[in-house]
Structures are given as C-alpha cells and as structure tokens.
Amino acid sequence: MNNHIEITQPDDWHVHFREGDMLEMVTNFSSRINKRCVAMPNTQIPITDSNKASIYKEQIIKASKNDFEPLVPCYLKDNLDLDDFRIGLQKKIFFGSKLYPTNATTNSKHGVSDISKIFKYLEILEEENSPLLIHGEKVADNIDIFDREKFFIDDELNIIRSKFPLLKIVLEHVSTSYGVKYIKDNTNIAGTITPHHMLLTKKDVFFDQKINPHHFCMPVVKNETDLIELRKAACHDNSKFFLGTDSAPHHIDEKKPDMSSKPGIFSAPCSIELYAEIFDQENAINNLEIFSSINGARFYNLPINNSKIKLEKTEWIVPELSSYKDIKVKNFYSNKKINWKVVN
Ligand code: NCD
Ligand code: ZN
C-alpha cells in the first residue's frame, strides 16, 4: 500500500482568481502546489483585450510566492477587436479563449448570445492553433438546469466542431456521463473534471425547497450515474481528461440558501488533496500524476513541469473558512477529514 507518493508538480487548468484582496488570497492557495493555472477571465470587468490580460497576469504574479505562471484566456464577446485578439494569441498574452454563454454563470452577462457571432474568432483560434475553452451549458427557459450540458453539446458544440474541425476544444468542468462519452468519442476535444463533481450529487444541493449554497455551482452537480462516469474518466481513462478545479470563491455573504445565491465552490485550500482522496478511493492513486500533471500539458502542447511535489497519507481536517483582510470564504469540504496531505 502506498503511504506517500511523489508526483510531477500539477497544473490547475481552471481557477477563478477574482480581483483585489480575493486575488491575493486565492493566489496564495493556488500557487502553493501548482506550477501553472488557467486564470479565468470572468472578472467583474471581463478580460476582453490583451492589455487587460497583461495587467491581470502581472497582478497574479505579484501576489504569488513561488515560481508560478498564470495563463489568461480572452473572454469572448460579440464585439472584440480582431487585430488585438490575433496579436494577443500570437504573443501568448492570451491563453486561447473562453466561451461563456450569456447568463450561464457568474459574470457572464457579456458572454456569447449566439455562437454564429463568434465564428470570426473561432476561425482565428483555429488558424493560430490556440485552444477554445468552453463553459458548455445552453441556457433557455425551456431547458431544465440539469440538461444544459447535453443541449449545449447537441445544439452548439456539434456546430462549432463541424465548422472548425481542427480547433482544439476543452469542455470545462464536464458534469454528465453524456459529456464524458462525447469527449471520448470525438477528436480534438478534451475535458477538465472538478473534485466536487466527483464528490457531490444533486441531493447534496437541493432539498426542502432550499439549496445548500456551498454546494451550488455551475454546472450544477448531477446524478450518481454521472458521478461514477466522471470518476472513471478521471481515474482510469487517462488521456483526454485533466485537472481543473473550477475553484470559484464568493464572499460568505453572497451565499444564500436559494437560487439567488452566487454559484461557485472554493476548493483551492484542499484541491490536490481531494483529488488524491478520490483517486485512492478508486484504487488508482498511481494514476493521479497523469491526470494532475501530464494530460493537460500534453493536450495544450506545453512542457511538462520538472519539479515534484510529495503527498503523504496523513489525516487532517479542512478548516471551515479561508479569511484574509475583510474576505471570508467558506471552504469546500470544510470540517471534513481528508487522508492525504502535501508535504514540503
Ligand atoms: C464560476 C464563478 O463563480 O466565477 N462559478 C461556478 O459555479 N463554477 C464560474 C464558472 O466557471 O461557471
Ligand atoms: Zn469556472
């Protein structure tokens, strides 16, 4: 039995750093173990040009303690400056681009209302061999919240893939067995999987006409059958799936026990430990490294990190809150025991 493992330093391909004091707090957690993180561009004023992306990267680098690299995708909206978009990609100021359907999640009101409006950017991404990161949910009055991923795949992603067959796509935070199968069955597409989609089902969120806001995120967690397929894909499939926590902090006051609550789960204080726990439960601890540190870099054609981290089988309890200056955020898995810990 393995009581400790040493793995190549991980990368987290989906993190919300936010701004100001929150950014400083998040950076401290996310740079503690990761070498690179994709810093999501859905800030209050979204990152829609290369100047904003450069400033944002500098803010994160300044707040990080270790040798750490934030990667910032361009937030797609209907009217971007095409030259700035292309040059930003060529100069690697942008790490590809992120598609948020309008009103699908936090700070997505400026997102994409109609995919035909962004074909001009997708053409550039394909030409520049830059990735398209997707929040894959179709939002409409007649679509149930649990079916948003399936409708996005059927109605939008199929069109994008057929028009841009060479475009490299990451379906972020896959949440359904349908999404897992779609990724496996198709080329030029990979997926990130969060710890919470492998630990929670909808029963942990919705009950007695209320919600548990600390388990409320987009895409919402689904059924046991989905959770099982996500675990299999992460722990045993080992090529098209990689680590993306979607760690998304909101101040504790923004978390309300109803659907007016901001969606997002903050897992950065215990993310790699939670993944280790899940892989261990699946008798696949030796597959953690390929998921956390290899598959993502390979898919994105980036070098695999040289440094290593160690995890040890030691029990610890996740603290209730993360606090910094005036910020208070409830941690995912708070007051629960985890059996794995990073050792320096
Ligand atoms: C994220 C956020 O709060 O920015 N929320 C979430 O529920 N995951 C946005 C996102 O990735 O959907
Ligand atoms: Zn996210």
# chains A, B, ... in the order shown; residues from 1 in each chain; ligands from 1

call {"tool": "residues_near_ligand", "arguments": {"ligand": "ligand 1", "cutoff": "8 Å", "atoms": "only C-alpha atoms and all ligand atoms", "output": "MDAnalysis selection string"}}
result
chainID A and resid 14 16 18 40 42:43 104:107 135 173 216:220 246:250 262:265

call {"tool": "residues_around", "arguments": {"residues": "A:Phe164", "least_positions_apart": "3", "cutoff": "8 Å", "atoms": "only C-alpha atoms", "output": "PyMOL selection string"}}
result
chain A and resi 122-123+126+160-161+167

call {"tool": "closest_residue", "arguments": {"among": "A:Leu243, A:Tyr333, A:Ile33, A:Ile115", "to": "A:Leu200", "atoms": "only C-alpha atoms"}}
result
A:Tyr333

call {"tool": "atom_distance", "arguments": {"atom1": "atom CA of A:Arg36", "atom2": "atom CA of A:Ala190"}}
result
18.0 Å

call {"tool": "closest_residue", "arguments": {"among": "A:Ile290, A:Ile193, A:Leu125, A:Leu157", "to": "ligand 2", "atoms": "only C-alpha atoms and all ligand atoms"}}
result
A:Ile193

call {"tool": "select_by_dssp", "arguments": {"residues": "stretch 45-157 of chain A", "states": "strand (DSSP E or B)", "output": "PyMOL selection string"}}
result
chain A and resi 69-71+74-75+97-99+101+112+132-134

call {"tool": "write_last_selection", "arguments": {"atoms": "C-alpha atoms", "output": "PDB file, in the first residue's frame"}}
result
ATOM      1  CA  GLU A  69       2.636  31.083 -14.191  1.00  0.00           C
ATOM      2  CA  PRO A  70      -0.938  32.304 -14.698  1.00  0.00           C
ATOM      3  CA  LEU A  71      -2.434  31.721 -18.162  1.00  0.00           C
ATOM      4  CA  CYS A  74      -9.577  36.023 -23.715  1.00  0.00           C
ATOM      5  CA  TYR A  75     -13.247  36.326 -22.690  1.00  0.00           C
ATOM      6  CA  SER A  97     -10.101  31.987 -25.447  1.00  0.00           C
ATOM      7  CA  LYS A  98     -13.078  31.254 -23.205  1.00  0.00           C
ATOM      8  CA  LEU A  99     -16.684  30.912 -24.295  1.00  0.00           C
ATOM      9  CA  PRO A 101     -22.862  31.536 -22.944  1.00  0.00           C
ATOM     10  CA  VAL A 112     -21.918  34.916 -26.121  1.00  0.00           C
ATOM     11  CA  LEU A 132     -11.136  27.228 -27.136  1.00  0.00           C
ATOM     12  CA  LEU A 133     -12.182  26.681 -23.521  1.00  0.00           C
ATOM     13  CA  ILE A 134     -15.917  26.252 -23.119  1.00  0.00           C
TER      14      ILE A 134
END

call {"tool": "closest_residue", "arguments": {"among": "A:Ser267, A:Asn66, A:Asn295, A:Asn51", "to": "A:Ser322", "atoms": "only C-alpha atoms"}}
result
A:Ser267

call {"tool": "residues_around", "arguments": {"residues": "A:Leu199", "least_positions_apart": "2", "cutoff": "10 Å", "atoms": "only C-alpha atoms", "output": "PyMOL selection string"}}
result
chain A and resi 194-197+201+204+221+224+227-228+230-231+274-275+278+333

call {"tool": "closest_residue", "arguments": {"among": "A:Ser31, A:Ile294, A:Phe68, A:Trp13", "to": "ligand 2", "atoms": "only C-alpha atoms and all ligand atoms"}}
result
A:Trp13

call {"tool": "atom_distance", "arguments": {"atom1": "atom CA of A:Asn223", "atom2": "atom 1 (Zn, counted along the ligand's line) of ligand 2"}}
result
20.1 Å

call {"tool": "residues_around", "arguments": {"residues": "A:Ala53", "least_positions_apart": "3", "cutoff": "10 Å", "atoms": "only C-alpha atoms", "output": "list of chain:residue names"}}
result
A:Ala39, A:Pro41, A:Pro46, A:Ile47, A:Thr48, A:Asp49, A:Ser50, A:Tyr56, A:Lys57, A:Glu58, A:Gln59, A:Leu71, A:Val72, A:Pro73, A:Cys74, A:Tyr75, A:Gly88, A:Ile93, A:Phe94, A:Phe95

call {"tool": "atom_distance", "arguments": {"atom1": "atom CA of A:Leu171", "atom2": "atom CA of A:Ile189"}}
result
7.2 Å

call {"tool": "residues_around", "arguments": {"residues": "A:Ile285", "least_positions_apart": "3", "cutoff": "10 Å", "atoms": "only C-alpha atoms", "output": "PyMOL selection string"}}
result
chain A and resi 2+4-5+235+275-282+288-289

call {"tool": "closest_residue", "arguments": {"among": "A:Val342, A:Leu302, A:Ile124, A:Val174", "to": "ligand 2", "atoms": "only C-alpha atoms and all ligand atoms"}}
result
A:Val174

call {"tool": "closest_residue", "arguments": {"among": "A:Ser292, A:Ser108, A:Ser334, A:Thr187", "to": "ligand 2", "atoms": "only C-alpha atoms and all ligand atoms"}}
result
A:Ser108

call {"tool": "select_by_dssp", "arguments": {"residues": "stretch 33-266 of chain A", "states": "helix (DSSP H, G or I)", "output": "PyMOL selection string"}}
result
chain A and resi 50-63+82-90+115-127+145-163+177-185+196-198+202-204+213-215+224-237+252-254

call {"tool": "residues_around", "arguments": {"residues": "A:Gln209", "least_positions_apart": "3", "cutoff": "12 Å", "atoms": "only C-alpha atoms", "output": "list of chain:residue names"}}
result
A:Lys203, A:Val205, A:Phe206, A:Asn212, A:Pro257, A:Asp258, A:Met259

call {"tool": "write_last_selection", "arguments": {"atoms": "C-alpha atoms", "output": "short mmCIF file (atom, residue, chain, number, x, y, z; two decimals), in the first residue's frame"}}
result
data_model
loop_
_atom_site.label_atom_id
_atom_site.label_comp_id
_atom_site.auth_asym_id
_atom_site.auth_seq_id
_atom_site.Cartn_x
_atom_site.Cartn_y
_atom_site.Cartn_z
CA LYS A 203 -29.14 15.57 -3.35
CA VAL A 205 -27.53 20.74 -3.17
CA PHE A 206 -31.33 20.73 -3.42
CA ASN A 212 -27.05 24.36 0.15
CA PRO A 257 -29.91 29.33 0.69
CA ASP A 258 -31.87 29.86 -2.53
CA MET A 259 -31.27 30.22 -6.24
#
